[in-house]
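Have a look at the structure below, then the notes.
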Amino acid sequence: MERFKAARRGARGNGQVPEHPGPPPTGFALLPWLLMGLGSFSNLLQGETPNPLIAGLGLLAFNSLYVYLAFRAFHKEKREAASTRVALLLMGLVTTGLALGYGGTWLLFFPLLGLATGAVVRGPRLGRTGIALAAFAGAVSWFRDGGDAVNIAYGTFLSTMVTAAILSLSEAVRDLRAAREELARQAVEKERLRFSRDLHDLLGHTLSVIVVKSEAARRLAPRDITAALAQIGDIESVGRQALTEIREAVTGYREGSLATELTRARSALSAASVEPVVRQSGTPLAPQTEALLGWVVREAVTNVVRHSDATRCEITVESGTGRARLTVTDNGTGTGTGTGKVVTRPAEGIGGTGLKGLAERLAAAGGSLSAGPSPRGGFTVTAGLPVEPAQLATTGAATTPRAN
């Protein structure tokens, strides 16, 4: 109920026209039907009803039970509670007593009983319950007055089934709207996560390369202006490429390339006075696999340049039957992101936004990522992924940053 009201207030506050999923989820929607009992109430006030005290108490009991059931019918837990079923049974006994004792307009309480029954009883038992209640109402009407039994039975059955159908449909619509809003919220959260990962991976690496090459240009300028200008030209090229990549990331169409990232890795490592050693072997990789491994190369090399204080970095790409493996190892003494921690699950074991985000991406594609100190010193990042696109497809299409 509160969620329904909040949604309508939010829609009005945003200048939107709120949707109308059916009757408001409150018992007030069922109270106007009590007007069907005005005839009996009028007879009671005019003194046309024998034993008015008993009739008045019966009318009060019926109305009280009806209101009680009406306000419990819109909450599933309350609707299915034992106290609700007991109240419905008591309402049936009161209705039967009033109908047998007074007949006439008092028989119209049976359709009201059917309405309360339809509001409370849902599911596979509803059909049998509606038929049994209609037959019982018709039998009591025939026994008491002899006529109009068919109309009472029909009215009872119709009120039972129509009420249940309308309330079930409106409840289903509200549940669907809630599910749609939750899916929309998850989609927004997913896109925010993708965008934050892309910005981290793109800007972290690019800015690191620009800083390293700027330092190299500053060192070279006094003694070798040609080499310094070459570094400045690289900075311009990296900056332009970064602008293109950021535009692609914003629109969600960023595609990684392992060959491109390996080339950039050589350039960035060389500018940072780190000897790059790149080895590739095995079968060609699927585009999805290459894209993810390219992101791993970018992040790992960025950490080597920024944190490792290394003089040598080895990048090895191996692809065999079913799996591809990428290893980035340095001989540094510094601390990279996530040093000393090995990934067993994406949510644990790797610190830092970059490696943690990559671990989640690889896990979504059926792969794995580990990072930690090498036995011979330095730091190692290892990634494994399926080789064939069909294997990636079974884990979802989220193998590129735009799917995260």
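Starting from 1 in every chain, residues are counted up; chains themselves are A, B, ... following the order of the structure tokens, and ligands are numbered from 1 as listed.
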- Message: For A:Arg323, find every residue with an atom within 12 Å (counting only C-alpha atoms), except residues of its own chain fewer than 4 positions away, and show them as number ranges by chain.
- Response: A: 282-286, 289, 317-319, 365-368, 383-389, 391-392
Residue selection dump (C-alpha atoms) as an mmCIF file, in the first residue's frame:
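Listing of result00.cif after writing:
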data_model
loop_
_atom_site.group_PDB
_atom_site.id
_atom_site.type_symbol
_atom_site.label_atom_id
_atom_site.label_comp_id
_atom_site.auth_asym_id
_atom_site.auth_seq_id
_atom_site.Cartn_x
_atom_site.Cartn_y
_atom_site.Cartn_z
ATOM 1 C CA GLY A 282 48.582 -21.052 -30.052
ATOM 2 C CA THR A 283 45.397 -20.774 -32.072
ATOM 3 C CA PRO A 284 43.611 -17.513 -32.988
ATOM 4 C CA LEU A 285 41.272 -16.165 -30.345
ATOM 5 C CA ALA A 286 37.624 -15.198 -30.612
ATOM 6 C CA THR A 289 38.197 -13.350 -25.759
ATOM 7 C CA VAL A 317 49.512 -15.148 -24.366
ATOM 8 C CA GLU A 318 48.859 -18.864 -24.868
ATOM 9 C CA SER A 319 45.808 -20.435 -26.457
ATOM 10 C CA ALA A 365 32.410 -14.919 -19.315
ATOM 11 C CA GLY A 366 33.371 -18.210 -17.683
ATOM 12 C CA GLY A 367 36.956 -17.142 -16.975
ATOM 13 C CA SER A 368 39.123 -16.369 -13.954
ATOM 14 C CA ALA A 383 43.813 -14.538 -16.669
ATOM 15 C CA GLY A 384 42.078 -17.552 -18.225
ATOM 16 C CA LEU A 385 39.147 -17.587 -20.655
ATOM 17 C CA PRO A 386 37.333 -19.930 -23.056
ATOM 18 C CA VAL A 387 38.683 -19.805 -26.613
ATOM 19 C CA GLU A 388 35.581 -20.505 -28.661
ATOM 20 C CA PRO A 389 32.746 -17.952 -29.016
ATOM 21 C CA GLN A 391 31.630 -21.272 -24.950
ATOM 22 C CA LEU A 392 31.455 -17.567 -24.198
#
- Message: I'd like the neighbourhood of A:Tyr66 as a PyMOL selection string, where a residue qualifies if any of its atoms comes within 9 Å (using only C-alpha atoms), though same-chain residues fewer than 2 positions away should be ignored.
- Response: chain A and resi 31+34+61-64+68-71+87-88+91+112-113+116
- Item | Å distance separating atom CA of A:Gln288 from atom CA of A:Gly239, one decimal place | 25.6 Å
- Item | strand (DSSP E or B) call set, DSSP backbone run, stretch 250-317 of chain A, as a ChimeraX atom specification | /A:275-282,312-317
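Taking atom CA of A:Arg247 as the reference point, atom CA of A:Glu182 is found at 28.5 Å.
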- Item | Non-local contacts of A:Asn331 (12 Å; only C-alpha atoms; under 2 positions in same chain excluded) as a PyMOL selection string | chain A and resi 274-276+304-305+307-314+328-329+333-336+373-380
I need the chosen residues saved as a PDB file, in the first residue's frame, with C-alpha atoms.
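Written output follows (result.pdb):
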ATOM      1  CA  VAL A 274      60.778  -1.133 -18.358  1.00  0.00           C
ATOM      2  CA  GLU A 275      61.936  -3.787 -20.848  1.00  0.00           C
ATOM      3  CA  PRO A 276      58.862  -5.300 -22.529  1.00  0.00           C
ATOM      4  CA  VAL A 304      53.451  -2.130 -13.585  1.00  0.00           C
ATOM      5  CA  VAL A 305      54.127   1.418 -14.792  1.00  0.00           C
ATOM      6  CA  HIS A 307      53.533   0.831  -8.837  1.00  0.00           C
ATOM      7  CA  SER A 308      56.081  -1.877  -9.603  1.00  0.00           C
ATOM      8  CA  ASP A 309      59.463  -0.094  -9.898  1.00  0.00           C
ATOM      9  CA  ALA A 310      60.297  -2.928 -12.311  1.00  0.00           C
ATOM     10  CA  THR A 311      62.956  -3.119 -15.025  1.00  0.00           C
ATOM     11  CA  ARG A 312      61.400  -5.982 -16.977  1.00  0.00           C
ATOM     12  CA  CYS A 313      57.829  -7.069 -17.776  1.00  0.00           C
ATOM     13  CA  GLU A 314      56.879 -10.270 -19.566  1.00  0.00           C
ATOM     14  CA  VAL A 328      51.764 -10.529 -17.048  1.00  0.00           C
ATOM     15  CA  THR A 329      54.842 -10.793 -14.814  1.00  0.00           C
ATOM     16  CA  THR A 333      59.751  -4.526  -5.785  1.00  0.00           C
ATOM     17  CA  GLY A 334      56.809  -2.128  -5.505  1.00  0.00           C
ATOM     18  CA  THR A 335      53.241  -2.960  -4.685  1.00  0.00           C
ATOM     19  CA  GLY A 336      50.677  -3.226  -7.444  1.00  0.00           C
ATOM     20  CA  PRO A 373      53.549 -12.031  -5.729  1.00  0.00           C
ATOM     21  CA  SER A 374      55.635 -14.243  -8.018  1.00  0.00           C
ATOM     22  CA  PRO A 375      57.717 -17.044  -6.431  1.00  0.00           C
ATOM     23  CA  ARG A 376      60.852 -15.508  -7.975  1.00  0.00           C
ATOM     24  CA  GLY A 377      59.918 -11.983  -6.923  1.00  0.00           C
ATOM     25  CA  GLY A 378      57.829  -9.338  -8.564  1.00  0.00           C
ATOM     26  CA  PHE A 379      54.142  -9.532  -9.268  1.00  0.00           C
ATOM     27  CA  THR A 380      52.045 -11.728 -11.580  1.00  0.00           C
TER      28      THR A 380
END
Would you give me, as JSON lines, each residue of stretch 38-134 of chain A having an atom within 12 Å of an atom of stretch 144-166 of chain A, along with its shortest atom pair and that distance in Å to one decimal, using only C-alpha atoms and sorting by chain and residue number?
{"residue": "A:Ala70", "atom": "CA", "partner": "A:Thr163", "partner_atom": "CA", "distance": 11.4}
{"residue": "A:Ala73", "atom": "CA", "partner": "A:Ala164", "partner_atom": "CA", "distance": 10.1}
{"residue": "A:Phe74", "atom": "CA", "partner": "A:Ala164", "partner_atom": "CA", "distance": 11.2}
{"residue": "A:Thr96", "atom": "CA", "partner": "A:Arg144", "partner_atom": "CA", "distance": 10.5}
{"residue": "A:Gly97", "atom": "CA", "partner": "A:Arg144", "partner_atom": "CA", "distance": 11.0}
{"residue": "A:Leu98", "atom": "CA", "partner": "A:Arg144", "partner_atom": "CA", "distance": 10.7}
{"residue": "A:Ala99", "atom": "CA", "partner": "A:Arg144", "partner_atom": "CA", "distance": 7.5}
{"residue": "A:Leu100", "atom": "CA", "partner": "A:Arg144", "partner_atom": "CA", "distance": 5.8}
{"residue": "A:Gly101", "atom": "CA", "partner": "A:Arg144", "partner_atom": "CA", "distance": 8.3}
{"residue": "A:Tyr102", "atom": "CA", "partner": "A:Arg144", "partner_atom": "CA", "distance": 8.3}
{"residue": "A:Gly103", "atom": "CA", "partner": "A:Arg144", "partner_atom": "CA", "distance": 6.1}
{"residue": "A:Gly104", "atom": "CA", "partner": "A:Asp145", "partner_atom": "CA", "distance": 7.3}
{"residue": "A:Thr105", "atom": "CA", "partner": "A:Ile152", "partner_atom": "CA", "distance": 10.6}
{"residue": "A:Trp106", "atom": "CA", "partner": "A:Arg144", "partner_atom": "CA", "distance": 10.8}
{"residue": "A:Leu107", "atom": "CA", "partner": "A:Ile152", "partner_atom": "CA", "distance": 7.3}
{"residue": "A:Leu108", "atom": "CA", "partner": "A:Ile152", "partner_atom": "CA", "distance": 7.1}
{"residue": "A:Phe109", "atom": "CA", "partner": "A:Thr156", "partner_atom": "CA", "distance": 9.0}
{"residue": "A:Phe110", "atom": "CA", "partner": "A:Thr156", "partner_atom": "CA", "distance": 5.9}
{"residue": "A:Pro111", "atom": "CA", "partner": "A:Thr156", "partner_atom": "CA", "distance": 4.0}
{"residue": "A:Leu112", "atom": "CA", "partner": "A:Thr156", "partner_atom": "CA", "distance": 7.4}
{"residue": "A:Leu113", "atom": "CA", "partner": "A:Thr156", "partner_atom": "CA", "distance": 7.5}
{"residue": "A:Gly114", "atom": "CA", "partner": "A:Thr160", "partner_atom": "CA", "distance": 4.4}
{"residue": "A:Leu115", "atom": "CA", "partner": "A:Thr160", "partner_atom": "CA", "distance": 4.8}
{"residue": "A:Ala116", "atom": "CA", "partner": "A:Thr160", "partner_atom": "CA", "distance": 7.4}
{"residue": "A:Thr117", "atom": "CA", "partner": "A:Thr160", "partner_atom": "CA", "distance": 6.1}
{"residue": "A:Gly118", "atom": "CA", "partner": "A:Thr160", "partner_atom": "CA", "distance": 4.3}
{"residue": "A:Ala119", "atom": "CA", "partner": "A:Ala164", "partner_atom": "CA", "distance": 5.4}
{"residue": "A:Val120", "atom": "CA", "partner": "A:Ala164", "partner_atom": "CA", "distance": 7.9}
{"residue": "A:Val121", "atom": "CA", "partner": "A:Ala164", "partner_atom": "CA", "distance": 7.5}
{"residue": "A:Arg122", "atom": "CA", "partner": "A:Ala164", "partner_atom": "CA", "distance": 6.6}
{"residue": "A:Gly123", "atom": "CA", "partner": "A:Ala164", "partner_atom": "CA", "distance": 9.1}
{"residue": "A:Pro124", "atom": "CA", "partner": "A:Ala164", "partner_atom": "CA", "distance": 11.5}
{"residue": "A:Arg125", "atom": "CA", "partner": "A:Met161", "partner_atom": "CA", "distance": 11.4}
{"residue": "A:Leu126", "atom": "CA", "partner": "A:Met161", "partner_atom": "CA", "distance": 7.7}
{"residue": "A:Gly127", "atom": "CA", "partner": "A:Met161", "partner_atom": "CA", "distance": 7.6}
{"residue": "A:Arg128", "atom": "CA", "partner": "A:Phe157", "partner_atom": "CA", "distance": 10.5}
{"residue": "A:Thr129", "atom": "CA", "partner": "A:Thr160", "partner_atom": "CA", "distance": 8.9}
{"residue": "A:Gly130", "atom": "CA", "partner": "A:Phe157", "partner_atom": "CA", "distance": 5.5}
{"residue": "A:Ile131", "atom": "CA", "partner": "A:Phe157", "partner_atom": "CA", "distance": 6.4}
{"residue": "A:Ala132", "atom": "CA", "partner": "A:Phe157", "partner_atom": "CA", "distance": 8.8}
{"residue": "A:Leu133", "atom": "CA", "partner": "A:Phe157", "partner_atom": "CA", "distance": 7.2}
{"residue": "A:Ala134", "atom": "CA", "partner": "A:Ala153", "partner_atom": "CA", "distance": 4.5}
- Item | Between atom CA of A:Val381 and atom CA of A:Gly332 - distance in Å to one decimal |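 Atom CA of A:Gly332 sits 13.1 Å away from atom CA of A:Val381.
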- Got a sec to tell me which of stretch 89-326 of chain A DSSP assigns to helix (DSSP H, G or I), as a PyMOL selection string? chain A and resi 89-102+104-120+125-144+149-220+225-251+258-271+287-308
- Query: So, counting only C-alpha atoms, which residue among A:His75, A:Pro222, A:Ala228, A:Asp234 is closest to A:Ser168?
  - Reply: A:His75
- Name all residues at most 9 Å from A:Glu290 (count only C-alpha atoms; drop same-chain ones fewer than 5 positions away) and give them as an MDAnalysis selection string. chainID A and resid 256:259 285 295
Deliver the residues from the most recent selection as a file, using C-alpha atoms, as an mmCIF file, in the first residue's frame.
data_model
loop_
_atom_site.group_PDB
_atom_site.id
_atom_site.type_symbol
_atom_site.label_atom_id
_atom_site.label_comp_id
_atom_site.auth_asym_id
_atom_site.auth_seq_id
_atom_site.Cartn_x
_atom_site.Cartn_y
_atom_site.Cartn_z
ATOM 1 C CA GLY A 256 38.975 -4.003 -26.913
ATOM 2 C CA SER A 257 41.735 -5.351 -29.135
ATOM 3 C CA LEU A 258 44.502 -7.556 -27.764
ATOM 4 C CA ALA A 259 46.933 -6.624 -30.552
ATOM 5 C CA LEU A 285 41.272 -16.165 -30.345
ATOM 6 C CA TRP A 295 41.522 -5.085 -20.914
#
